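Student: If it helps, the file is called data-v7.cif and holds mmCIF, C-alpha atoms:
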data_coords
#
loop_
_atom_site.label_atom_id
_atom_site.label_comp_id
_atom_site.auth_asym_id
_atom_site.auth_seq_id
_atom_site.Cartn_x
_atom_site.Cartn_y
_atom_site.Cartn_z
CA MET A 1 0.00 0.00 0.00
CA ARG A 2 2.65 2.46 1.09
CA PHE A 3 4.52 1.65 -2.10
CA GLU A 4 1.52 2.59 -4.27
CA GLU A 5 1.24 5.90 -2.40
CA GLU A 6 4.90 6.65 -3.14
CA LYS A 7 4.51 5.83 -6.82
CA LYS A 8 1.52 8.19 -7.07
CA GLU A 9 3.44 10.93 -5.30
CA LEU A 10 6.44 10.43 -7.59
CA ILE A 11 4.32 10.58 -10.75
CA HIS A 12 2.55 13.64 -9.39
CA ARG A 13 5.88 15.41 -8.96
CA LEU A 14 7.08 14.38 -12.39
CA LYS A 15 3.87 15.75 -13.95
CA ARG A 16 4.61 19.03 -12.20
CA VAL A 17 8.12 19.05 -13.65
CA GLU A 18 6.65 18.35 -17.09
CA GLY A 19 4.44 21.41 -16.68
CA GLN A 20 7.43 23.50 -15.61
CA VAL A 21 9.36 22.43 -18.72
CA ARG A 22 6.40 23.52 -20.88
CA GLY A 23 6.38 26.77 -18.94
CA ILE A 24 9.99 27.39 -19.93
CA GLN A 25 9.16 26.75 -23.58
CA ARG A 26 6.55 29.51 -23.34
CA MET A 27 9.06 31.83 -21.65
CA VAL A 28 11.49 31.28 -24.54
CA GLU A 29 8.74 31.85 -27.14
CA GLU A 30 7.70 35.08 -25.41
CA ASP A 31 11.34 36.29 -25.29
CA ARG A 32 11.29 36.54 -21.52
CA TYR A 33 14.36 37.77 -19.65
CA CYS A 34 17.19 35.20 -19.71
CA VAL A 35 17.83 35.44 -15.99
CA ASP A 36 14.18 34.63 -15.20
CA ILE A 37 14.39 31.59 -17.46
CA LEU A 38 17.60 30.48 -15.72
CA VAL A 39 15.94 30.80 -12.32
CA GLN A 40 13.12 28.55 -13.57
CA LEU A 41 15.62 26.04 -14.97
CA SER A 42 17.33 25.96 -11.57
CA ALA A 43 13.97 25.22 -9.93
CA ILE A 44 13.35 22.30 -12.30
CA ASN A 45 16.82 20.86 -11.71
CA ALA A 46 16.30 21.14 -7.97
CA ALA A 47 12.94 19.35 -8.24
CA LEU A 48 14.47 16.55 -10.33
CA LYS A 49 17.35 16.22 -7.87
CA LYS A 50 14.82 15.78 -5.08
CA VAL A 51 13.00 13.08 -7.04
CA GLY A 52 16.36 11.41 -7.68
CA TYR A 53 17.47 11.43 -4.04
CA ASN A 54 14.14 9.89 -3.06
CA LEU A 55 14.60 7.11 -5.61
CA LEU A 56 18.17 6.62 -4.41
CA GLU A 57 16.96 6.21 -0.86
CA ASP A 58 14.20 3.75 -1.84
CA HIS A 59 16.73 1.78 -3.86
CA THR A 60 19.22 1.62 -0.98
CA ARG A 61 16.56 0.62 1.54
CA GLY A 62 15.11 -1.92 -0.89
CA CYS A 63 17.32 -3.64 -3.47
CA VAL A 64 20.72 -2.83 -1.94
CA SER A 65 19.69 -3.86 1.59
CA HIS A 66 18.20 -7.11 0.31
CA ALA A 67 21.38 -7.91 -1.59
CA VAL A 68 23.53 -7.14 1.46
CA SER A 69 21.31 -9.28 3.72
CA ASN A 70 21.71 -12.16 1.26
CA GLY A 71 25.50 -11.85 1.50
CA ASP A 72 25.47 -10.54 -2.03
CA GLY A 73 26.00 -6.82 -1.55
CA ASP A 74 29.22 -6.28 -3.51
CA GLU A 75 27.75 -5.86 -6.95
CA ALA A 76 24.73 -3.89 -5.68
CA ILE A 77 27.07 -1.44 -3.91
CA ASN A 78 29.27 -1.10 -7.02
CA GLU A 79 26.21 -0.17 -9.03
CA LEU A 80 24.95 2.17 -6.30
CA MET A 81 28.26 4.08 -6.13
CA LYS A 82 28.37 4.45 -9.89
CA VAL A 83 24.85 5.87 -10.13
CA ILE A 84 25.42 8.22 -7.16
CA GLN A 85 28.40 9.76 -8.91
CA GLN A 86 26.64 9.98 -12.25
CA PHE A 87 23.58 11.57 -10.70
CA SER A 88 25.52 13.99 -8.46
CA LYS A 89 27.49 15.38 -11.39
CA SER A 90 24.36 15.94 -13.52
CA MET B 1 17.66 35.71 -38.18
CA ARG B 2 20.34 33.87 -36.19
CA PHE B 3 18.40 34.68 -33.03
CA GLU B 4 15.21 33.03 -34.37
CA GLU B 5 17.25 29.94 -35.23
CA GLU B 6 18.56 29.76 -31.67
CA LYS B 7 15.08 30.13 -30.22
CA LYS B 8 13.82 27.29 -32.40
CA GLU B 9 16.75 25.12 -31.38
CA LEU B 10 16.15 25.91 -27.70
CA ILE B 11 12.45 25.05 -27.87
CA HIS B 12 13.29 21.89 -29.78
CA ARG B 13 15.61 20.80 -26.97
CA LEU B 14 13.05 21.66 -24.29
CA LYS B 15 10.39 19.62 -26.10
CA ARG B 16 12.82 16.71 -26.04
CA VAL B 17 13.30 17.16 -22.30
CA GLU B 18 9.51 17.25 -21.87
CA GLY B 19 9.31 13.89 -23.67
CA GLN B 20 12.06 12.49 -21.45
CA VAL B 21 10.17 13.56 -18.32
CA ARG B 22 7.06 11.76 -19.63
CA GLY B 23 9.27 8.75 -20.33
CA ILE B 24 10.30 8.67 -16.67
CA GLN B 25 6.66 8.80 -15.57
CA ARG B 26 6.08 5.67 -17.66
CA MET B 27 9.15 3.99 -16.15
CA VAL B 28 7.77 4.67 -12.66
CA GLU B 29 4.31 3.37 -13.62
CA GLU B 30 5.82 0.20 -15.08
CA ASP B 31 7.92 -0.35 -11.89
CA ARG B 32 11.16 -0.24 -13.83
CA TYR B 33 14.47 -0.72 -12.05
CA CYS B 34 15.36 2.29 -9.86
CA VAL B 35 18.91 2.55 -11.19
CA ASP B 36 17.64 2.77 -14.77
CA ILE B 37 15.28 5.58 -13.75
CA LEU B 38 18.15 7.39 -12.00
CA VAL B 39 20.32 7.12 -15.11
CA GLN B 40 17.47 8.69 -17.11
CA LEU B 41 17.06 11.46 -14.52
CA SER B 42 20.79 12.17 -14.80
CA ALA B 43 20.41 12.48 -18.57
CA ILE B 44 17.57 15.01 -18.20
CA ASN B 45 19.53 17.07 -15.67
CA ALA B 46 22.53 17.07 -17.99
CA ALA B 47 20.34 18.22 -20.89
CA LEU B 48 18.81 21.02 -18.81
CA LYS B 49 22.28 22.09 -17.63
CA LYS B 50 23.35 22.35 -21.26
CA VAL B 51 20.31 24.51 -22.08
CA GLY B 52 21.13 26.67 -19.06
CA TYR B 53 24.77 27.19 -19.95
CA ASN B 54 23.72 28.21 -23.45
CA LEU B 55 21.27 30.76 -22.04
CA LEU B 56 23.97 31.98 -19.65
CA GLU B 57 26.35 32.52 -22.54
CA ASP B 58 23.73 34.36 -24.63
CA HIS B 59 22.89 36.53 -21.65
CA THR B 60 26.56 37.39 -21.00
CA ARG B 61 27.25 38.17 -24.66
CA GLY B 62 24.03 40.16 -24.90
CA CYS B 63 22.60 41.97 -21.88
CA VAL B 64 25.70 41.92 -19.67
CA SER B 65 28.06 43.08 -22.43
CA HIS B 66 25.66 45.89 -23.41
CA ALA B 67 25.45 47.05 -19.80
CA VAL B 68 29.25 46.97 -19.44
CA SER B 69 29.74 48.90 -22.69
CA ASN B 70 27.33 51.54 -21.40
CA GLY B 71 29.43 51.92 -18.24
CA ASP B 72 26.62 50.28 -16.36
CA GLY B 73 27.95 46.79 -15.75
CA ASP B 74 27.93 46.62 -11.95
CA GLU B 75 24.33 45.61 -11.41
CA ALA B 76 24.27 43.29 -14.43
CA ILE B 77 27.36 41.46 -13.09
CA ASN B 78 25.83 41.20 -9.61
CA GLU B 79 22.78 39.56 -11.09
CA LEU B 80 24.90 37.32 -13.32
CA MET B 81 26.99 36.05 -10.40
CA LYS B 82 23.90 35.32 -8.36
CA VAL B 83 22.22 33.31 -11.10
CA ILE B 84 25.44 31.40 -11.89
CA GLN B 85 25.67 30.21 -8.29
CA GLN B 86 21.99 29.36 -8.06
CA PHE B 87 22.09 27.43 -11.33
CA SER B 88 25.38 25.64 -10.56
CA LYS B 89 24.07 24.32 -7.27
CA SER B 90 20.82 23.04 -8.78
CA MET C 1 46.58 -5.16 5.94
CA ARG C 2 44.56 -3.94 2.98
CA PHE C 3 42.95 -1.37 5.25
CA GLU C 4 46.35 0.08 6.25
CA GLU C 5 47.27 0.36 2.55
CA GLU C 6 44.08 2.32 1.89
CA LYS C 7 44.75 4.65 4.79
CA LYS C 8 48.26 5.37 3.50
CA GLU C 9 46.92 6.00 0.02
CA LEU C 10 44.25 8.33 1.37
CA ILE C 11 46.74 10.35 3.44
CA HIS C 12 49.07 10.48 0.45
CA ARG C 13 46.30 12.01 -1.66
CA LEU C 14 45.36 14.48 1.06
CA LYS C 15 49.00 15.59 1.34
CA ARG C 16 48.97 16.21 -2.39
CA VAL C 17 45.81 18.33 -2.02
CA GLU C 18 47.50 20.26 0.80
CA GLY C 19 50.39 21.02 -1.55
CA GLN C 20 47.95 22.13 -4.26
CA VAL C 21 46.24 24.53 -1.82
CA ARG C 22 49.66 26.04 -0.97
CA GLY C 23 50.32 26.29 -4.71
CA ILE C 24 47.17 28.40 -5.10
CA GLN C 25 48.29 30.70 -2.28
CA ARG C 26 51.50 31.33 -4.25
CA MET C 27 49.50 31.95 -7.42
CA VAL C 28 47.43 34.59 -5.60
CA GLU C 29 50.57 36.20 -4.11
CA GLU C 30 52.20 36.34 -7.54
CA ASP C 31 49.05 37.89 -9.08
CA ARG C 32 48.63 35.06 -11.52
CA TYR C 33 45.80 35.08 -14.05
CA CYS C 34 42.41 34.47 -12.37
CA VAL C 35 41.34 31.86 -14.88
CA ASP C 36 44.50 29.80 -14.21
CA ILE C 37 43.77 29.95 -10.48
CA LEU C 38 40.18 28.85 -11.11
CA VAL C 39 41.37 25.91 -13.17
CA GLN C 40 43.63 24.88 -10.27
CA LEU C 41 40.76 25.27 -7.79
CA SER C 42 38.63 23.01 -10.01
CA ALA C 43 41.41 20.40 -9.93
CA ILE C 44 41.53 20.48 -6.12
CA ASN C 45 37.77 20.16 -5.82
CA ALA C 46 37.81 17.23 -8.23
CA ALA C 47 40.57 15.55 -6.17
CA LEU C 48 38.63 16.06 -2.93
CA LYS C 49 35.46 14.72 -4.54
CA LYS C 50 37.37 11.59 -5.53
CA VAL C 51 38.62 11.16 -1.94
CA GLY C 52 35.06 11.65 -0.71
CA TYR C 53 33.50 9.11 -3.06
CA ASN C 54 36.13 6.57 -1.99
CA LEU C 55 35.28 7.18 1.66
CA LEU C 56 31.58 6.93 0.84
CA GLU C 57 32.13 3.56 -0.82
CA ASP C 58 34.23 2.22 2.10
CA HIS C 59 31.57 3.41 4.51
CA THR C 60 28.76 1.74 2.56
CA ARG C 61 30.66 -1.55 2.19
CA GLY C 62 31.69 -1.42 5.86
CA CYS C 63 29.48 0.26 8.45
CA VAL C 64 26.26 0.44 6.44
CA SER C 65 26.45 -3.17 5.25
CA HIS C 66 27.18 -4.39 8.79
CA ALA C 67 24.21 -2.47 10.14
CA VAL C 68 21.94 -3.86 7.40
CA SER C 69 23.15 -7.43 8.02
CA ASN C 70 22.34 -6.97 11.71
CA GLY C 71 18.80 -5.95 10.82
CA ASP C 72 19.65 -2.47 11.91
CA GLY C 73 20.08 -0.65 8.62
CA ASP C 74 17.42 2.06 8.93
CA GLU C 75 19.42 4.62 10.86
CA ALA C 76 22.65 3.89 8.97
CA ILE C 77 20.85 4.49 5.66
CA ASN C 78 19.27 7.71 6.95
CA GLU C 79 22.73 9.00 7.84
CA LEU C 80 24.17 7.80 4.53
CA MET C 81 21.52 9.62 2.48
CA LYS C 82 22.05 12.82 4.42
CA VAL C 83 25.80 12.83 3.93
CA ILE C 84 25.50 11.95 0.22
CA GLN C 85 23.31 15.00 -0.36
CA GLN C 86 25.52 17.28 1.73
CA PHE C 87 28.65 16.09 -0.04
CA SER C 88 27.14 16.18 -3.55
CA LYS C 89 26.06 19.78 -3.17
CA SER C 90 29.48 20.93 -1.91
CA MET D 1 44.63 49.43 -1.86
CA ARG D 2 41.33 47.59 -1.96
CA PHE D 3 42.94 45.01 -4.20
CA GLU D 4 45.70 44.30 -1.63
CA GLU D 5 43.03 43.83 1.05
CA GLU D 6 41.25 41.29 -1.12
CA LYS D 7 44.47 39.40 -1.81
CA LYS D 8 45.21 39.19 1.93
CA GLU D 9 41.68 37.98 2.62
CA LEU D 10 41.95 35.36 -0.13
CA ILE D 11 45.28 34.04 1.17
CA HIS D 12 43.88 34.00 4.69
CA ARG D 13 41.00 31.83 3.55
CA LEU D 14 43.28 29.51 1.62
CA LYS D 15 45.51 29.08 4.68
CA ARG D 16 42.42 28.08 6.61
CA VAL D 17 41.55 25.52 3.95
CA GLU D 18 45.14 24.19 4.14
CA GLY D 19 44.65 23.71 7.89
CA GLN D 20 41.35 21.93 7.29
CA VAL D 21 43.00 19.54 4.83
CA ARG D 22 45.67 18.74 7.46
CA GLY D 23 42.85 18.21 9.96
CA ILE D 24 41.32 15.58 7.68
CA GLN D 25 44.69 13.80 7.43
CA ARG D 26 44.67 13.54 11.22
CA MET D 27 41.10 12.27 11.22
CA VAL D 28 42.11 9.52 8.79
CA GLU D 29 45.19 8.62 10.86
CA GLU D 30 43.07 8.42 14.01
CA ASP D 31 40.49 6.19 12.26
CA ARG D 32 37.71 8.65 12.87
CA TYR D 33 34.16 7.87 11.73
CA CYS D 34 33.83 8.05 7.91
CA VAL D 35 30.71 10.20 8.00
CA ASP D 36 32.47 12.81 10.16
CA ILE D 37 35.33 12.93 7.66
CA LEU D 38 32.85 13.32 4.80
CA VAL D 39 31.15 16.22 6.57
CA GLN D 40 34.55 17.89 6.92
CA LEU D 41 35.35 17.26 3.25
CA SER D 42 32.02 18.88 2.33
CA ALA D 43 33.00 21.94 4.39
CA ILE D 44 36.33 22.25 2.56
CA ASN D 45 34.68 21.93 -0.83
CA ALA D 46 32.15 24.57 0.13
CA ALA D 47 34.95 26.90 1.28
CA LEU D 48 36.87 26.39 -1.98
CA LYS D 49 33.72 26.98 -3.99
CA LYS D 50 33.26 30.29 -2.18
CA VAL D 51 36.85 31.30 -2.97
CA GLY D 52 36.25 30.32 -6.58
CA TYR D 53 33.03 32.31 -6.97
CA ASN D 54 34.79 35.35 -5.54
CA LEU D 55 37.62 34.98 -8.05
CA LEU D 56 35.06 34.50 -10.81
CA GLU D 57 33.35 37.72 -9.84
CA ASP D 58 36.62 39.68 -9.68
CA HIS D 59 37.60 38.30 -13.05
CA THR D 60 34.26 39.25 -14.62
CA ARG D 61 34.33 42.75 -13.14
CA GLY D 62 37.99 43.18 -14.12
CA CYS D 63 39.41 41.40 -17.15
CA VAL D 64 36.14 40.47 -18.87
CA SER D 65 34.59 43.94 -18.47
CA HIS D 66 37.77 45.59 -19.78
CA ALA D 67 37.79 43.33 -22.80
CA VAL D 68 34.10 44.03 -23.48
CA SER D 69 34.63 47.81 -23.13
CA ASN D 70 37.46 47.57 -25.66
CA GLY D 71 35.11 45.87 -28.13
CA ASP D 72 37.08 42.71 -27.59
CA GLY D 73 34.80 40.69 -25.36
CA ASP D 74 34.23 37.61 -27.52
CA GLU D 75 37.30 35.62 -26.54
CA ALA D 76 37.13 36.72 -22.89
CA ILE D 77 33.52 35.49 -22.68
CA ASN D 78 34.42 32.19 -24.37
CA GLU D 79 37.09 31.62 -21.74
CA LEU D 80 34.75 32.72 -18.94
CA MET D 81 32.01 30.29 -19.98
CA LYS D 82 34.49 27.43 -20.22
CA VAL D 83 35.91 28.03 -16.75
CA ILE D 84 32.43 28.46 -15.21
CA GLN D 85 31.40 25.04 -16.47
CA GLN D 86 34.66 23.38 -15.43
CA PHE D 87 34.47 24.92 -11.98
CA SER D 88 30.75 24.22 -11.46
CA LYS D 89 31.18 20.54 -12.23
CA SER D 90 34.12 20.13 -9.86
#
Have the structure of the file written as structure tokens, please.
Tutor:
Amino acid sequence: MRFEEEKKELIHRLKRVEGQVRGIQRMVEEDRYCVDILVQLSAINAALKKVGYNLLEDHTRGCVSHAVSNGDGDEAINELMKVIQQFSKS
Amino acid sequence: MRFEEEKKELIHRLKRVEGQVRGIQRMVEEDRYCVDILVQLSAINAALKKVGYNLLEDHTRGCVSHAVSNGDGDEAINELMKVIQQFSKS
Amino acid sequence: MRFEEEKKELIHRLKRVEGQVRGIQRMVEEDRYCVDILVQLSAINAALKKVGYNLLEDHTRGCVSHAVSNGDGDEAINELMKVIQQFSKS
Amino acid sequence: MRFEEEKKELIHRLKRVEGQVRGIQRMVEEDRYCVDILVQLSAINAALKKVGYNLLEDHTRGCVSHAVSNGDGDEAINELMKVIQQFSKS
């Protein structure tokens, strides 16, 4: 149940981001001030980072913990470290 | 003319990002593997960063340079520095 | 044994960073070109990030995995997520 | 005069960072808790970022503005944009 709630919440936030991206398209079309567009882009990136850190946490609590408990954590942690670095730099 | 080209290109890239965000919604709905979703999120962030750095460059070549040439650069550079930091951290 | 090797390697890299920070002090004293100093600063940050991601990996393979195996992962993962976000934003 | 003040302040802050890097070496030698070391690393990165953004601002107000005023801003802005991206990603 809790899982379904989280999925809904996640999709809700992604729909909001989708709307924000469309909003930026309009700002570009209407020749709005660059700095205002950049502030909006920053807001979208921050929202996506938040979504990403939530997913990262779910993944660590779920898949990675299961793998570790089954004495099989090495590969799961390799993959986790790789995706953390990739995501942090983006 | 060149300016209209750039606007078109920018909107084209934002429409692509919009499609990618919808793609992630589908991935969440289909319970796809967290790490794959995170890799996709990283790709979107990277694309938005690229859009932002392009806007930043246009803004510096345009508005900021004009202000500087008119002996009026101080405030424009203040604003530029603020948005660079906000955007970089996002 | 392997642990002592890693410690040595880590301290070796931190001593190198210390030398790089002193190098930047000299560059400032000698009024070197700002952009060259910024490139050096970027190199130091990148080196420190590398040290940090190594520590993060050791910590996840060590402390966090132990806690998870002992059915006690919740708090360890909370702490891990917090430090990942703090470190990534720095 | 103001310039000499800024140089002193910059070197002062870099000396502090040097001390912090030595502090982390000690923490590693004393086998301190990984998360505490990571928090300290985050603090150093944040301090270096601050130094960098200050340099970036000085450079934009100084060299870049001069170049723009002399109708010669194109190359200076190219270089600026490159170093902003390199620094932001570090």
Student: Could you name the residues that touch Met27 (chain C) at 12 Å or less, counting only C-alpha atoms, but leaving out those on the same chain fewer than 2 positions away, as a ChimeraX atom specification?
Tutor: /C:20-25,29-41 /D:7,10-11,14
Student: For chain C, report every residue with an atom at most 10 Å from chain B (counting all atoms listed in the file), formatted as a PyMOL selection string.
Tutor: chain C and resi 88-90
Student: Please compute the CA of Met81 (chain A)-CA of His12 (chain C) distance, one decimal, in Å.
Tutor: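 Atom-to-atom, CA of Met81 (chain A) and CA of His12 (chain C) are spaced 22.7 Å apart.
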Student: So which residues touch Cys63 (chain B) within 12 Å, counting only C-alpha atoms, skipping near sequence neighbours fewer than 6 positions away, as a CSV table (one decimal) with C-alpha atoms, in the frame of the given file?
Tutor:
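Contents of out.csv, as written:
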chain,number,residue,atom,x,y,z
A,33,TYR,CA,14.4,37.8,-19.6
A,34,CYS,CA,17.2,35.2,-19.7
A,35,VAL,CA,17.8,35.4,-16.0
B,55,LEU,CA,21.3,30.8,-22.0
B,56,LEU,CA,24.0,32.0,-19.6
B,57,GLU,CA,26.4,32.5,-22.5
B,69,SER,CA,29.7,48.9,-22.7
B,70,ASN,CA,27.3,51.5,-21.4
B,72,ASP,CA,26.6,50.3,-16.4
B,73,GLY,CA,28.0,46.8,-15.8
B,75,GLU,CA,24.3,45.6,-11.4
B,76,ALA,CA,24.3,43.3,-14.4
B,77,ILE,CA,27.4,41.5,-13.1
B,79,GLU,CA,22.8,39.6,-11.1
B,80,LEU,CA,24.9,37.3,-13.3
D,68,VAL,CA,34.1,44.0,-23.5
Student: Separation of CA of Asp58 (chain B) and CA of Phe87 (chain A), in Å?
Tutor: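 Between CA of Asp58 (chain B) and CA of Phe87 (chain A) the gap works out to 26.7 Å.
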Student: Specify the axis-aligned box that encloses all atoms of region 77-80 of chain D listed in the file after padding of 3 Å on each side, stating its centre and edge lengths in Å to one decimal as AutoDock Vina command-line options.
Tutor:
--center_x 35.3 --center_y 33.6 --center_z -21.7 --size_x 9.6 --size_y 9.9 --size_z 11.4
Student: Kindly give the distance, in Å, that separates CA of Ala47 (chain B) and CA of Ala46 (chain C), rounded to a single decimal.
Tutor: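 For CA of Ala47 (chain B) relative to CA of Ala46 (chain C), the distance reads 21.6 Å.
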